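Q: coords01.cif is reproduced below (mmCIF, C-alpha atoms).
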```
data_entry
#
loop_
_atom_site.label_atom_id
_atom_site.label_comp_id
_atom_site.auth_asym_id
_atom_site.auth_seq_id
_atom_site.Cartn_x
_atom_site.Cartn_y
_atom_site.Cartn_z
CA MET A 98 -3.43 -4.87 -44.95
CA GLN A 99 -5.45 -8.04 -44.47
CA LEU A 100 -7.03 -9.15 -41.22
CA SER A 101 -4.26 -11.69 -40.57
CA GLN A 102 -1.58 -9.01 -40.98
CA LEU A 103 -3.47 -6.68 -38.68
CA SER A 104 -3.57 -9.46 -36.09
CA ASP A 105 0.16 -10.15 -36.51
CA ARG A 106 1.27 -6.54 -36.31
CA ALA A 107 -0.82 -5.81 -33.20
CA GLY A 108 0.15 -9.07 -31.51
CA VAL A 109 -3.54 -9.86 -30.98
CA SER A 110 -5.04 -13.23 -31.95
CA LEU A 111 -7.23 -13.41 -35.05
CA ALA A 112 -10.15 -14.65 -32.95
CA THR A 113 -9.87 -11.59 -30.68
CA VAL A 114 -9.69 -9.19 -33.63
CA LYS A 115 -12.82 -10.78 -35.13
CA PHE A 116 -14.56 -10.51 -31.76
CA TYR A 117 -13.73 -6.79 -31.53
CA LEU A 118 -15.08 -6.28 -35.08
CA ARG A 119 -18.34 -8.04 -34.17
CA GLU A 120 -18.61 -5.97 -30.96
CA GLY A 121 -18.02 -2.74 -32.87
CA LEU A 122 -14.87 -1.87 -30.89
CA LEU A 123 -12.98 -1.87 -34.18
CA PRO A 124 -14.56 -0.24 -37.27
CA PRO A 125 -15.08 -2.51 -40.31
CA GLY A 126 -12.42 -2.55 -43.04
CA THR A 127 -12.94 -1.47 -46.63
CA PRO A 128 -14.39 -4.39 -48.65
CA VAL A 129 -12.12 -5.31 -51.56
CA ALA A 130 -13.76 -8.64 -52.48
CA ALA A 131 -16.79 -10.67 -51.42
CA THR A 132 -14.93 -12.23 -48.49
CA ARG A 133 -12.02 -9.85 -47.99
CA ALA A 134 -11.60 -6.39 -46.49
CA GLU A 135 -8.63 -4.09 -46.26
CA TYR A 136 -7.46 -2.54 -42.98
CA GLY A 137 -5.32 0.55 -42.48
CA GLU A 138 -2.96 2.08 -39.92
CA GLN A 139 -5.93 3.61 -38.09
CA HIS A 140 -7.25 0.08 -37.45
CA LEU A 141 -3.89 -0.97 -36.06
CA HIS A 142 -3.83 2.08 -33.80
CA ARG A 143 -7.38 1.50 -32.57
CA LEU A 144 -6.65 -2.17 -31.95
CA ARG A 145 -3.62 -1.28 -29.82
CA LEU A 146 -5.72 1.27 -27.94
CA VAL A 147 -8.38 -1.34 -27.13
CA ARG A 148 -5.76 -3.86 -26.02
CA ALA A 149 -4.03 -1.31 -23.80
CA LEU A 150 -7.31 -0.36 -22.15
CA VAL A 151 -8.18 -4.02 -21.54
CA GLU A 152 -4.76 -5.39 -20.59
CA VAL A 153 -3.10 -2.52 -18.79
CA GLY A 154 -6.10 -0.49 -17.74
CA GLY A 155 -8.04 -3.60 -16.73
CA LEU A 156 -11.22 -2.17 -18.27
CA SER A 157 -14.28 -4.25 -19.07
CA LEU A 158 -15.53 -4.23 -22.67
CA SER A 159 -18.43 -1.97 -21.74
CA ALA A 160 -16.02 0.50 -20.14
CA VAL A 161 -13.84 0.37 -23.27
CA ARG A 162 -16.94 1.14 -25.32
CA ARG A 163 -17.68 4.22 -23.16
CA VAL A 164 -14.10 5.44 -23.49
CA LEU A 165 -14.12 5.01 -27.28
CA ARG A 166 -17.38 6.96 -27.46
CA ALA A 167 -15.69 9.86 -25.65
CA VAL A 168 -12.61 9.59 -27.91
CA ASP A 169 -14.83 9.69 -31.01
CA ALA A 170 -17.16 12.51 -29.89
CA GLU A 171 -16.17 15.48 -32.05
CA ASP A 172 -17.93 18.17 -30.03
CA VAL A 173 -16.36 17.57 -26.63
CA GLY A 174 -13.77 20.04 -25.33
CA VAL A 175 -10.58 18.85 -23.67
CA HIS A 176 -11.64 19.75 -20.13
CA GLU A 177 -15.08 18.18 -20.63
CA LEU A 178 -13.37 15.16 -22.12
CA LEU A 179 -11.36 14.65 -18.98
CA GLY A 180 -14.66 14.52 -17.09
CA ALA A 181 -16.12 12.10 -19.64
CA ALA A 182 -13.03 9.92 -19.40
CA HIS A 183 -13.30 9.85 -15.61
CA GLN A 184 -16.99 8.94 -15.85
CA ALA A 185 -16.22 6.13 -18.30
CA LEU A 186 -13.25 4.87 -16.35
CA THR A 187 -14.67 5.01 -12.87
CA PRO A 188 -14.10 1.68 -11.23
CA THR A 189 -17.43 0.55 -9.87
CA VAL A 190 -16.54 0.76 -6.21
CA ALA A 191 -19.74 -0.71 -4.83
CA ALA A 192 -21.52 1.64 -2.45
CA PRO A 193 -21.38 0.39 1.15
CA ALA A 194 -24.36 -1.84 1.89
CA ASP A 195 -25.75 0.44 4.60
CA GLY A 196 -25.48 4.16 5.06
CA THR A 197 -23.47 4.33 8.28
CA GLY A 198 -20.68 6.84 7.88
CA VAL A 199 -21.24 7.39 4.16
CA ALA A 200 -22.64 10.92 4.48
CA ALA A 201 -19.90 11.85 6.96
CA ALA A 202 -17.20 10.50 4.64
CA ARG A 203 -18.64 12.41 1.71
CA SER A 204 -18.66 15.62 3.78
CA ARG A 205 -15.08 15.01 4.73
CA VAL A 206 -14.10 14.58 1.06
CA ASP A 207 -15.92 17.78 0.11
CA ALA A 208 -14.27 19.67 2.98
CA LEU A 209 -10.82 18.38 1.98
CA ILE A 210 -11.29 19.49 -1.62
CA GLY A 211 -12.47 22.88 -0.38
CA GLU A 212 -9.49 23.31 1.93
CA LEU A 213 -7.09 22.32 -0.84
CA GLY A 214 -8.75 24.94 -3.06
CA TRP A 215 -9.35 22.38 -5.80
CA ARG A 216 -11.95 23.23 -8.42
CA VAL A 217 -13.81 19.97 -8.92
CA SER A 218 -17.36 19.43 -10.17
CA PRO A 219 -19.78 18.50 -7.35
CA ASP A 220 -20.79 15.31 -9.22
CA ALA A 221 -17.26 14.12 -10.07
CA PRO A 222 -17.36 10.33 -9.53
CA ALA A 223 -13.95 10.41 -7.83
CA ARG A 224 -15.59 12.18 -4.86
CA SER A 225 -17.78 9.13 -4.20
CA GLU A 226 -14.91 6.72 -4.84
CA LEU A 227 -12.77 8.47 -2.28
CA ALA A 228 -15.67 8.54 0.20
CA ALA A 229 -16.25 4.79 -0.30
CA ALA A 230 -12.58 4.08 0.40
CA LEU A 231 -12.72 6.21 3.57
CA VAL A 232 -15.83 4.36 4.78
CA ALA A 233 -14.11 1.01 4.27
CA LEU A 234 -11.04 2.16 6.23
CA GLU A 235 -13.25 3.54 9.02
CA ARG A 236 -15.16 0.27 9.32
CA LEU A 237 -11.93 -1.66 9.65
CA ALA A 238 -10.93 0.54 12.58
CA MET A 239 -8.06 2.13 10.65
CA PRO A 240 -9.54 5.51 9.74
CA ALA A 241 -7.52 7.75 7.43
CA THR A 242 -6.04 10.64 9.41
CA GLU A 243 -5.72 14.22 8.21
CA SER A 244 -2.01 13.54 7.78
CA ASP A 245 -2.74 10.50 5.57
CA LEU A 246 -5.09 12.47 3.34
CA ARG A 247 -2.77 15.50 3.10
CA THR A 248 0.21 13.33 2.17
CA TYR A 249 -1.77 11.45 -0.48
CA ALA A 250 -3.36 14.63 -1.85
CA ALA A 251 0.03 16.33 -2.19
CA ALA A 252 1.50 13.36 -4.08
CA ALA A 253 -1.61 13.09 -6.28
CA HIS A 254 -1.39 16.81 -7.04
CA ASP A 255 2.26 16.47 -8.07
CA VAL A 256 1.49 13.83 -10.69
CA ALA A 257 -1.74 15.53 -11.85
CA ARG A 258 0.11 18.83 -12.40
CA HIS A 259 2.60 16.92 -14.54
CA ASP A 260 -0.18 15.04 -16.39
CA VAL A 261 -2.08 18.16 -17.36
CA ALA A 262 1.06 20.10 -18.26
CA THR A 263 2.05 17.42 -20.77
CA VAL A 264 -1.27 17.12 -22.63
CA PRO A 265 -0.44 17.88 -26.28
CA LEU A 266 -2.77 20.69 -27.37
CA ASP A 267 -1.15 21.52 -30.71
CA GLY A 268 -1.63 18.29 -32.66
CA PRO A 269 -4.80 16.87 -34.23
CA ARG A 270 -7.78 16.85 -31.86
CA ALA A 271 -8.12 13.04 -31.93
CA ARG A 272 -4.56 12.77 -30.62
CA THR A 273 -5.23 15.15 -27.72
CA VAL A 274 -8.39 13.31 -26.79
CA GLU A 275 -6.75 9.91 -26.92
CA TRP A 276 -3.84 11.19 -24.87
CA VAL A 277 -6.11 12.41 -22.08
CA VAL A 278 -7.89 9.06 -21.84
CA LEU A 279 -4.74 6.99 -22.09
CA ALA A 280 -2.72 9.10 -19.69
CA THR A 281 -5.50 8.78 -17.13
CA VAL A 282 -5.80 5.01 -17.50
CA LEU A 283 -2.30 3.84 -18.33
CA TYR A 284 -0.45 5.86 -15.73
CA GLU A 285 -2.60 4.39 -12.94
CA PRO A 286 -0.71 1.07 -12.97
CA VAL A 287 2.55 3.04 -13.32
CA LEU A 288 1.77 4.95 -10.13
CA LEU A 289 0.58 1.88 -8.22
CA ALA A 290 3.55 -0.24 -9.30
CA LEU A 291 5.98 2.52 -8.28
CA ARG A 292 4.22 2.86 -4.91
CA ARG A 293 4.66 -0.86 -4.26
CA LEU A 294 8.33 -0.74 -5.29
CA ALA A 295 8.89 2.26 -3.02
CA GLN A 296 7.04 0.52 -0.16
CA GLU A 297 9.33 -2.47 -0.48
CA HIS A 298 12.35 -0.17 -0.44
CA GLU A 299 11.14 1.77 2.59
CA SER A 300 10.23 -1.45 4.38
CA ALA A 301 13.71 -2.84 3.68
CA ARG A 302 15.27 0.38 4.98
CA ARG A 303 13.22 0.16 8.17
CA THR A 304 13.63 -3.51 8.95
CA ALA A 305 16.99 -4.42 7.37
CA PRO A 306 19.62 -1.67 7.31
CA VAL A 307 22.23 -1.90 4.54
CA ARG A 308 25.49 -3.45 5.69
CA ARG A 309 28.32 -0.98 5.37
CA GLY A 310 31.26 -3.39 5.29
CA PRO A 311 33.22 -3.70 2.02
CA ARG A 312 32.89 -7.01 0.14
CA SER A 313 29.99 -8.03 2.35
CA GLU A 314 28.40 -11.04 0.68
CA LYS A 315 24.98 -9.52 0.71
CA SER A 316 25.79 -5.94 -0.19
CA GLY A 317 26.40 -6.61 -3.86
CA GLY A 318 22.80 -6.46 -4.91
CA LEU A 319 21.77 -3.62 -2.62
CA HIS A 320 21.95 0.02 -3.41
CA ARG A 321 23.19 2.53 -0.89
CA MET A 322 20.82 5.29 0.10
CA MET B 269 -24.16 -13.66 18.00
CA GLN B 270 -26.20 -15.61 15.49
CA LEU B 271 -25.60 -15.65 11.76
CA SER B 272 -28.44 -13.19 11.12
CA GLN B 273 -26.98 -10.71 13.60
CA LEU B 274 -23.53 -11.09 12.04
CA SER B 275 -25.08 -10.33 8.67
CA ASP B 276 -26.93 -7.28 10.05
CA ARG B 277 -23.95 -5.82 11.87
CA ALA B 278 -21.61 -6.18 8.90
CA GLY B 279 -24.21 -4.93 6.43
CA VAL B 280 -23.63 -8.04 4.29
CA SER B 281 -26.53 -10.16 3.05
CA LEU B 282 -27.17 -13.52 4.72
CA ALA B 283 -26.69 -15.29 1.38
CA THR B 284 -23.25 -13.69 0.98
CA VAL B 285 -22.21 -14.61 4.54
CA LYS B 286 -23.24 -18.23 3.91
CA PHE B 287 -21.32 -18.20 0.64
CA TYR B 288 -18.16 -16.97 2.42
CA LEU B 289 -18.58 -19.71 5.04
CA ARG B 290 -18.88 -22.38 2.33
CA GLU B 291 -15.85 -20.96 0.52
CA GLY B 292 -13.81 -20.94 3.72
CA LEU B 293 -13.25 -17.16 3.63
CA LEU B 294 -14.94 -16.99 7.02
CA PRO B 295 -14.13 -19.60 9.70
CA PRO B 296 -17.05 -21.66 11.00
CA GLY B 297 -18.82 -20.54 14.19
CA THR B 298 -18.98 -22.49 17.44
CA PRO B 299 -21.86 -25.03 17.27
CA VAL B 300 -24.38 -24.43 20.07
CA ALA B 301 -27.19 -26.63 18.72
CA ALA B 302 -27.75 -29.05 15.86
CA THR B 303 -28.63 -26.26 13.44
CA ARG B 304 -27.18 -23.21 15.16
CA ALA B 305 -23.69 -21.78 15.63
CA GLU B 306 -22.41 -18.80 17.54
CA TYR B 307 -20.21 -16.12 15.94
CA GLY B 308 -17.90 -13.65 17.69
CA GLU B 309 -16.32 -10.24 17.12
CA GLN B 310 -13.48 -11.86 15.21
CA HIS B 311 -16.01 -13.14 12.65
CA LEU B 312 -17.42 -9.65 12.26
CA HIS B 313 -13.93 -8.25 11.78
CA ARG B 314 -12.98 -10.90 9.22
CA LEU B 315 -16.24 -10.38 7.36
CA ARG B 316 -15.57 -6.63 7.10
CA LEU B 317 -12.04 -7.36 5.94
CA VAL B 318 -13.28 -9.64 3.15
CA ARG B 319 -15.92 -7.08 2.06
CA ALA B 320 -13.35 -4.28 2.00
CA LEU B 321 -10.96 -6.34 -0.13
CA VAL B 322 -13.76 -7.23 -2.56
CA GLU B 323 -15.63 -3.92 -2.71
CA VAL B 324 -12.92 -1.32 -2.34
CA GLY B 325 -9.87 -3.31 -3.36
CA GLY B 326 -11.73 -4.90 -6.27
CA LEU B 327 -10.07 -8.25 -5.51
CA SER B 328 -11.33 -11.55 -6.89
CA LEU B 329 -12.24 -14.28 -4.39
CA SER B 330 -9.08 -16.19 -5.19
CA ALA B 331 -6.98 -13.06 -4.55
CA VAL B 332 -8.86 -12.57 -1.25
CA ARG B 333 -8.00 -16.16 -0.36
CA ARG B 334 -4.29 -15.51 -1.04
CA VAL B 335 -4.35 -12.36 1.09
CA LEU B 336 -6.04 -14.13 4.00
CA ARG B 337 -3.46 -16.89 3.81
CA ALA B 338 -0.72 -14.26 4.24
CA VAL B 339 -2.65 -12.59 7.08
CA ASP B 340 -3.01 -15.93 8.87
CA ALA B 341 0.55 -17.20 8.34
CA GLU B 342 2.15 -16.97 11.79
CA ASP B 343 5.75 -17.35 10.69
CA VAL B 344 6.00 -14.49 8.22
CA GLY B 345 7.92 -11.33 9.21
CA VAL B 346 6.52 -7.89 8.46
CA HIS B 347 8.88 -7.14 5.58
CA GLU B 348 8.31 -10.59 4.06
CA LEU B 349 4.59 -10.06 4.56
CA LEU B 350 4.69 -6.93 2.47
CA GLY B 351 6.18 -9.01 -0.34
CA ALA B 352 3.55 -11.71 0.19
CA ALA B 353 0.80 -9.09 0.12
CA HIS B 354 2.16 -7.65 -3.12
CA GLN B 355 2.32 -11.13 -4.65
CA ALA B 356 -1.27 -11.84 -3.63
CA LEU B 357 -2.56 -8.47 -4.72
CA THR B 358 -0.76 -8.18 -8.00
CA PRO B 359 -3.30 -7.26 -10.62
CA THR B 360 -2.86 -9.72 -13.43
CA VAL B 361 -1.60 -7.27 -16.01
CA ALA B 362 -1.48 -9.67 -18.95
CA ALA B 363 1.97 -9.95 -20.47
CA PRO B 364 2.13 -8.37 -23.93
CA ALA B 365 1.28 -10.96 -26.59
CA ASP B 366 4.65 -10.71 -28.32
CA GLY B 367 8.03 -9.85 -26.93
CA THR B 368 8.75 -6.61 -28.80
CA GLY B 369 10.03 -4.04 -26.37
CA VAL B 370 9.35 -6.13 -23.27
CA ALA B 371 12.99 -6.87 -22.45
CA ALA B 372 13.92 -3.24 -23.09
CA ALA B 373 11.13 -2.00 -20.82
CA ARG B 374 12.19 -4.38 -18.09
CA SER B 375 15.79 -3.16 -18.35
CA ARG B 376 14.56 0.39 -18.12
CA VAL B 377 12.59 -0.41 -14.96
CA ASP B 378 15.60 -2.13 -13.41
CA ALA B 379 17.84 0.81 -14.33
CA LEU B 380 15.37 3.30 -12.84
CA ILE B 381 15.18 1.38 -9.56
CA GLY B 382 18.97 1.24 -9.49
CA GLU B 383 19.33 4.98 -10.13
CA LEU B 384 16.79 5.77 -7.44
CA GLY B 385 18.78 3.59 -5.05
CA TRP B 386 15.70 1.55 -4.17
CA ARG B 387 16.26 -1.83 -2.56
CA VAL B 388 13.71 -4.05 -4.27
CA SER B 389 13.80 -7.81 -4.75
CA PRO B 390 14.65 -8.80 -8.36
CA ASP B 391 11.46 -10.85 -8.61
CA ALA B 392 9.07 -8.23 -7.17
CA PRO B 393 5.94 -8.48 -9.33
CA ALA B 394 5.65 -4.69 -9.47
CA ARG B 395 8.75 -4.63 -11.70
CA SER B 396 6.90 -6.60 -14.39
CA GLU B 397 3.71 -4.60 -13.91
CA LEU B 398 5.58 -1.37 -14.47
CA ALA B 399 7.37 -2.82 -17.51
CA ALA B 400 4.02 -3.96 -18.99
CA ALA B 401 2.59 -0.46 -18.55
CA LEU B 402 5.66 1.06 -20.25
CA VAL B 403 5.34 -1.36 -23.19
CA ALA B 404 1.69 -0.41 -23.66
CA LEU B 405 2.55 3.31 -23.66
CA GLU B 406 5.39 2.74 -26.10
CA ARG B 407 3.16 0.83 -28.51
CA LEU B 408 0.62 3.65 -28.49
CA ALA B 409 3.37 6.07 -29.53
CA MET B 410 3.27 7.93 -26.21
CA PRO B 411 6.36 6.56 -24.49
CA ALA B 412 6.93 7.55 -20.86
CA THR B 413 9.81 10.04 -20.68
CA GLU B 414 12.46 10.18 -17.97
CA SER B 415 10.65 13.21 -16.59
CA ASP B 416 7.35 11.26 -16.40
CA LEU B 417 8.98 8.39 -14.53
CA ARG B 418 10.91 10.64 -12.15
CA THR B 419 7.81 12.66 -11.29
CA TYR B 420 5.74 9.53 -10.66
CA ALA B 421 8.52 7.83 -8.70
CA ALA B 422 8.95 10.87 -6.44
CA ALA B 423 5.21 11.02 -5.69
CA ALA B 424 5.07 7.24 -5.12
CA HIS B 425 8.05 7.49 -2.76
CA ASP B 426 6.33 10.25 -0.76
CA VAL B 427 3.27 8.10 -0.07
CA ALA B 428 5.28 4.91 0.49
CA ARG B 429 7.49 6.64 3.07
CA HIS B 430 4.32 7.69 4.87
CA ASP B 431 2.78 4.20 4.54
CA VAL B 432 5.74 2.39 6.04
CA ALA B 433 6.25 4.99 8.78
CA THR B 434 2.67 4.47 9.98
CA VAL B 435 2.71 0.66 10.17
CA PRO B 436 1.82 -0.19 13.80
CA LEU B 437 4.59 -2.43 15.10
CA ASP B 438 3.68 -2.43 18.79
CA GLY B 439 0.22 -4.07 18.75
CA PRO B 440 -0.69 -7.73 18.27
CA ARG B 441 0.99 -9.28 15.24
CA ALA B 442 -2.31 -10.03 13.48
CA ARG B 443 -3.12 -6.33 13.58
CA THR B 444 0.23 -5.36 12.03
CA VAL B 445 -0.17 -7.93 9.31
CA GLU B 446 -3.70 -6.88 8.49
CA TRP B 447 -2.66 -3.24 8.45
CA VAL B 448 0.08 -3.88 5.88
CA VAL B 449 -2.30 -5.71 3.57
CA LEU B 450 -5.14 -3.24 3.99
CA ALA B 451 -2.99 -0.15 3.67
CA THR B 452 -1.55 -1.50 0.43
CA VAL B 453 -4.95 -2.33 -1.05
CA LEU B 454 -7.29 0.29 0.38
CA TYR B 455 -5.08 3.32 -0.20
CA GLU B 456 -4.77 2.49 -3.91
CA PRO B 457 -8.29 3.81 -4.67
CA VAL B 458 -7.57 6.76 -2.34
CA LEU B 459 -4.51 7.68 -4.39
CA LEU B 460 -6.21 7.17 -7.75
CA ALA B 461 -9.34 9.11 -6.75
CA LEU B 462 -7.21 12.01 -5.49
CA ARG B 463 -5.19 11.98 -8.72
CA ARG B 464 -8.39 12.28 -10.76
CA LEU B 465 -9.69 15.08 -8.55
CA ALA B 466 -6.37 16.91 -8.86
CA GLN B 467 -6.37 16.35 -12.64
CA GLU B 468 -9.79 17.93 -12.91
CA HIS B 469 -8.59 20.88 -10.83
CA GLU B 470 -5.44 21.35 -12.89
CA SER B 471 -7.39 21.00 -16.11
CA ALA B 472 -9.88 23.64 -14.90
CA ARG B 473 -6.98 25.94 -13.99
CA ARG B 474 -5.45 25.53 -17.44
CA THR B 475 -8.56 25.84 -19.58
CA ALA B 476 -10.90 28.01 -17.48
CA PRO B 477 -9.25 30.61 -15.29
CA VAL B 478 -11.21 31.71 -12.22
CA ARG B 479 -13.10 34.95 -12.75
CA ARG B 480 -11.83 37.61 -10.39
CA GLY B 481 -14.88 39.92 -10.40
CA PRO B 482 -16.89 40.10 -7.18
CA ARG B 483 -20.37 38.54 -7.23
CA SER B 484 -19.61 36.85 -10.53
CA GLU B 485 -22.43 34.39 -11.15
CA LYS B 486 -20.14 31.49 -11.74
CA SER B 487 -17.55 32.09 -9.07
CA GLY B 488 -19.73 30.94 -6.18
CA GLY B 489 -18.92 27.27 -6.55
CA LEU B 490 -15.28 27.69 -7.42
CA HIS B 491 -12.43 27.87 -4.99
CA ARG B 492 -9.68 30.42 -5.43
CA MET B 493 -6.15 29.12 -5.76
#
```
Have the structure of the file written as structure tokens, please.
A:
Amino acid sequence: MQLSQLSDRAGVSLATVKFYLREGLLPPGTPVAATRAEYGEQHLHRLRLVRALVEVGGLSLSAVRRVLRAVDAEDVGVHELLGAAHQALTPTVAAPADGTGVAAARSRVDALIGELGWRVSPDAPARSELAAALVALERLAMPATESDLRTYAAAAHDVARHDVATVPLDGPRARTVEWVVLATVLYEPVLLALRRLAQEHESARRTAPVRRGPRSEKSGGLHRM
Amino acid sequence: MQLSQLSDRAGVSLATVKFYLREGLLPPGTPVAATRAEYGEQHLHRLRLVRALVEVGGLSLSAVRRVLRAVDAEDVGVHELLGAAHQALTPTVAAPADGTGVAAARSRVDALIGELGWRVSPDAPARSELAAALVALERLAMPATESDLRTYAAAAHDVARHDVATVPLDGPRARTVEWVVLATVLYEPVLLALRRLAQEHESARRTAPVRRGPRSEKSGGLHRM
């Protein structure tokens, strides 16, 4: 297909497609004339991948480039790829400006992972991200309790177990690799959006009990527990 | 305290503190001389709040401004505040460029919320965020299954139940309000970091079983299940 068709089918403006080509996020097409190149289904797929990472994952172009490098690396195993994806995806949670509490938070994270029996590389970036979040909470005088961390860890483990169990291992390698990256990135907004929806529900339950009366004016749009 | 002390105690550079003052993110101090103002504990607290929202929450300055407006609004109830916080915090997941599948995804989100019995306002931004994530997955030929959504919703509900149960309702109102905003924002990286750690653990379990032999060279750093 031509560039304009590629743009149409992906729902991405021609200017953006040209920008991705210049930036090397999309491989060049096959030249069929001096000023025309032909693009295939793999271009369409890659273009949708880039858009999903940018729009849904909220990744910067340099982060997208790191992810694509991991997707394209032939010699990386699936478990190693997960690590590479996490490295590439890590949101740059800025380290706290001074060191107060940082070492203690990091020790607490390491202890938690040990107690949970989780096998996680000592240099996994998520350890530092979690420590940074704990430092911020501590400084705002709302430190995370053991109960907070246990509840969050249990919920995170439930979704992670599901994530890893559904990785397709029997298809082409590129598909497996892409799945790992996408499932990591694209299910983050799914989880956060569902948490907010559930918060609203729980808040409504706590502060505004459902009316039980039949034909109550307000009960029509509310769901019973 | 003077501006330089405020900067020291918060671990935020003087230039940044001055920038926040100019931008109105930090209220002015009490003038004590022609070129000097005095700052109190409430300035320190607000400064830490702004830094946490920017550094850990990853919020833009305009999003921080919206959050502070909700924190400072005296007439907003706690449940309404949660909605206001969600509105302010909503990551701008760009709407898909064309409409294919968007209406269907939105119907699916609404149906899911109905089936779960969750009481959520029809215009909650998280509904659209979730729909946008589902559209992106669909377009990449890895649509979220019912099982995916149920697993994620159950985990999200577990943490949300905990979140809402721990909101302090008996302290000063400003504290309650700030807690709701901060717990929504600052526990997002906690949840995502724990999910990544748990993914790595589950991936290690699936692809590299723990060696059972005593004194195995590699088993030292690994935790038994």
Q: Would you translate the PyMOL selection byres ((chain B) within 7 of (chain A)) into the concrete set of residues it matches in this file, as a PyMOL selection string?
A: chain B and resi 279-280+316-317+320+323-324+347+361-362+365-366+382+385-388+394+397-398+401+404+408+419-421+423-429+432+454+456-472+475+490-493
Q: Next, write the just-selected residues to a file, as a JSON list (two decimals), in the frame of the given file, keeping C-alpha atoms as the atom set.
A:
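Listed below is the output, selection05.json:
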```json
[["chain", "number", "residue", "atom", "x", "y", "z"],
["B", 279, "GLY", "CA", -24.21, -4.93, 6.43],
["B", 280, "VAL", "CA", -23.63, -8.04, 4.29],
["B", 316, "ARG", "CA", -15.57, -6.63, 7.10],
["B", 317, "LEU", "CA", -12.04, -7.36, 5.94],
["B", 320, "ALA", "CA", -13.35, -4.28, 2.00],
["B", 323, "GLU", "CA", -15.63, -3.92, -2.71],
["B", 324, "VAL", "CA", -12.92, -1.32, -2.34],
["B", 347, "HIS", "CA", 8.88, -7.14, 5.58],
["B", 361, "VAL", "CA", -1.60, -7.27, -16.01],
["B", 362, "ALA", "CA", -1.48, -9.67, -18.95],
["B", 365, "ALA", "CA", 1.28, -10.96, -26.59],
["B", 366, "ASP", "CA", 4.65, -10.71, -28.32],
["B", 382, "GLY", "CA", 18.97, 1.24, -9.49],
["B", 385, "GLY", "CA", 18.78, 3.59, -5.05],
["B", 386, "TRP", "CA", 15.70, 1.55, -4.17],
["B", 387, "ARG", "CA", 16.26, -1.83, -2.56],
["B", 388, "VAL", "CA", 13.71, -4.05, -4.27],
["B", 394, "ALA", "CA", 5.65, -4.69, -9.47],
["B", 397, "GLU", "CA", 3.71, -4.60, -13.91],
["B", 398, "LEU", "CA", 5.58, -1.37, -14.47],
["B", 401, "ALA", "CA", 2.59, -0.46, -18.55],
["B", 404, "ALA", "CA", 1.69, -0.41, -23.66],
["B", 408, "LEU", "CA", 0.62, 3.65, -28.49],
["B", 419, "THR", "CA", 7.81, 12.66, -11.29],
["B", 420, "TYR", "CA", 5.74, 9.53, -10.66],
["B", 421, "ALA", "CA", 8.52, 7.83, -8.70],
["B", 423, "ALA", "CA", 5.21, 11.02, -5.69],
["B", 424, "ALA", "CA", 5.07, 7.24, -5.12],
["B", 425, "HIS", "CA", 8.05, 7.49, -2.76],
["B", 426, "ASP", "CA", 6.33, 10.25, -0.76],
["B", 427, "VAL", "CA", 3.27, 8.10, -0.07],
["B", 428, "ALA", "CA", 5.28, 4.91, 0.49],
["B", 429, "ARG", "CA", 7.49, 6.64, 3.07],
["B", 432, "VAL", "CA", 5.74, 2.39, 6.04],
["B", 454, "LEU", "CA", -7.29, 0.29, 0.38],
["B", 456, "GLU", "CA", -4.77, 2.49, -3.91],
["B", 457, "PRO", "CA", -8.29, 3.81, -4.67],
["B", 458, "VAL", "CA", -7.57, 6.76, -2.34],
["B", 459, "LEU", "CA", -4.51, 7.68, -4.39],
["B", 460, "LEU", "CA", -6.21, 7.17, -7.75],
["B", 461, "ALA", "CA", -9.34, 9.11, -6.75],
["B", 462, "LEU", "CA", -7.21, 12.01, -5.49],
["B", 463, "ARG", "CA", -5.19, 11.98, -8.72],
["B", 464, "ARG", "CA", -8.39, 12.28, -10.76],
["B", 465, "LEU", "CA", -9.69, 15.08, -8.55],
["B", 466, "ALA", "CA", -6.37, 16.91, -8.86],
["B", 467, "GLN", "CA", -6.37, 16.35, -12.64],
["B", 468, "GLU", "CA", -9.79, 17.93, -12.91],
["B", 469, "HIS", "CA", -8.59, 20.88, -10.83],
["B", 470, "GLU", "CA", -5.44, 21.35, -12.89],
["B", 471, "SER", "CA", -7.39, 21.00, -16.11],
["B", 472, "ALA", "CA", -9.88, 23.64, -14.90],
["B", 475, "THR", "CA", -8.56, 25.84, -19.58],
["B", 490, "LEU", "CA", -15.28, 27.69, -7.42],
["B", 491, "HIS", "CA", -12.43, 27.87, -4.99],
["B", 492, "ARG", "CA", -9.68, 30.42, -5.43],
["B", 493, "MET", "CA", -6.15, 29.12, -5.76]]
```
Q: Atom CA of Asp343 of chain B and atom CA of Val445 of chain B are how many Å apart?
A: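 Atom-to-atom, atom CA of Asp343 of chain B and atom CA of Val445 of chain B are spaced 11.2 Å apart.
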Q: When you count all atoms listed in the file, which of these residues is closest to Arg337 of chain B: B:Ser375, B:Val449, B:Thr413, B:Gly439?
A: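 Checking each candidate against Arg337 of chain B, we get B:Val449 as the closest.
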Q: Work out how far atom CA of Glu135 of chain A is from atom CA of Tyr117 of chain A, in Å to one decimal.
A: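 Straight-line distance from atom CA of Tyr117 of chain A to atom CA of Glu135 of chain A works out to 15.8 Å.
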Q: Can you work out the spacing between atom CA of Asp438 of chain B and atom CA of Ala202 of chain A in Å, to one decimal?
A: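 Between atom CA of Asp438 of chain B and atom CA of Ala202 of chain A the gap works out to 28.3 Å.
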Q: Could you tell me which of A:Leu165, A:Leu103, A:Val129, A:Leu209 comes closest to Arg247 of chain A if we count only C-alpha atoms?
A: A:Leu209
